[in-house]
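Reviewing the structure listed below.
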Amino acid sequence: MTRPIDGVFFDLDGTLVNTLGDLGGSMNAALEEADLPVHPQDAYRNFIGHGVESLVVRASGGQGDSSRLLASFLCHYQKRMVRETRPYPGVWKMLSGLRNRQIPMAVVSNKSHDMTVAIVQRIFAEVPFLEVCGHRKPFPKKPEPDVLWDVLAKVGIEPERCLYVGDSDVD
């Protein structure tokens with residue numbers, strides 16, 4: 001009997017891990033440095049999901065120097081990427097079940113490639129992901145499928161034999 005799928009690919013933020021605390025904390029630190037109002041952590045649910053540039057604009061309300069805010073946010077986030085970030089309940093069990101069934105897995109995220117790799121290495125070091133891929137040029141960000149097609153080609157899985165699991169309309 002053949003498997004119904006040959007691989008499962010995952011988004012990272014909001015799918016495998018809850019990054020809300022670290023994203024919100026980093027953005028609030030950048031806003032404080034710019035003397036702009038900060039937000040409660042829960043408010044960041046409405047600000048994230050479309051990339052860090054969008055996060056900066058939404059959190060700042062369009063106030064301040066967006067390039068300076070972005071640089072400040074990235075500096076803070078680099079220092080605290082996994083301070084509060086944790087896998088969602090049930091993620092370990094699911095990944096273990098897929099590994100036990102020998103179903104290949106990968107991570108494809110819109111987060112920068114370096115940050116995606118760093119988070120996966122710190123939190124999921126023992127998970128045998130075939131590929132861990134964040135946003136990198138020349139590929140456009142999701143929802144464009146180009147980076148996913150590239151990863152599928154690298155690992156030799158046909159698109160119709162793969163599941164992609166995400167948490168937002170971008171995925």
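In the structure tokens, each chain is lettered A, B, ... as it comes, each chain's residues begin at 1, and ligands are numbered from 1 in order of appearance.
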Q) Neighbours of stretch 139-142 of chain A within 7 Å (only C-alpha atoms; same-chain residues fewer than 6 positions away dropped), as a list of chain:residue names? A)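 Listing them by chain and then by number gives A:Asn110, A:Val170, A:Asp171.
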Q) Could you name the residues that touch stretch 62-79 of chain A at 6 Å or less, counting only C-alpha atoms, but leaving out those on the same chain fewer than 4 positions away, as a ChimeraX atom specification? A) /A:26-27,30,57
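Proximity to A:Ile157 was assessed for A:His113, A:Ile103, A:Gln121, A:His39 counting only C-alpha atoms; the smallest distance is recorded for A:Ile103.
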Q: Quick one: pick out all strand (DSSP E or B) residues within stretch 2-154 of chain A from a backbone DSSP run and write them as an MDAnalysis selection string.
A: chainID A and resid 7:10 13 17:18 86:87 105:112 131:135
For the residues selected in the previous step, produce a file with C-alpha atoms as a PDB file, in the first residue's frame.
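What ended up in selection.pdb:
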ATOM      1  CA  GLY A   7       5.963  14.801   2.415  1.00  0.00           C
ATOM      2  CA  VAL A   8       4.600  17.425   4.779  1.00  0.00           C
ATOM      3  CA  PHE A   9       5.921  20.962   4.614  1.00  0.00           C
ATOM      4  CA  PHE A  10       5.208  23.468   7.380  1.00  0.00           C
ATOM      5  CA  ASP A  13       5.466  31.179  12.837  1.00  0.00           C
ATOM      6  CA  VAL A  17       5.753  27.703  17.018  1.00  0.00           C
ATOM      7  CA  ASN A  18       4.098  30.559  18.853  1.00  0.00           C
ATOM      8  CA  ARG A  86       7.650  27.645  21.992  1.00  0.00           C
ATOM      9  CA  PRO A  87       6.051  24.889  19.924  1.00  0.00           C
ATOM     10  CA  MET A 105       9.165  16.972   6.503  1.00  0.00           C
ATOM     11  CA  ALA A 106      10.393  20.465   5.681  1.00  0.00           C
ATOM     12  CA  VAL A 107       9.908  24.033   6.875  1.00  0.00           C
ATOM     13  CA  VAL A 108       9.184  26.846   4.404  1.00  0.00           C
ATOM     14  CA  SER A 109       8.701  30.271   5.993  1.00  0.00           C
ATOM     15  CA  ASN A 110       8.486  33.937   5.021  1.00  0.00           C
ATOM     16  CA  LYS A 111      10.756  34.769   7.956  1.00  0.00           C
ATOM     17  CA  SER A 112      14.295  35.535   6.812  1.00  0.00           C
ATOM     18  CA  GLU A 131      14.988  21.295   4.265  1.00  0.00           C
ATOM     19  CA  VAL A 132      14.564  24.410   6.362  1.00  0.00           C
ATOM     20  CA  CYS A 133      14.003  27.403   4.172  1.00  0.00           C
ATOM     21  CA  GLY A 134      13.178  30.990   5.013  1.00  0.00           C
ATOM     22  CA  HIS A 135      12.704  33.884   2.661  1.00  0.00           C
TER      23      HIS A 135
END
Q: To one decimal in Å, tell me the separation between atom CA of A:Gln41 and atom CA of A:Gly21.
A: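 Rounded to one decimal, the two atoms are 6.4 Å apart.
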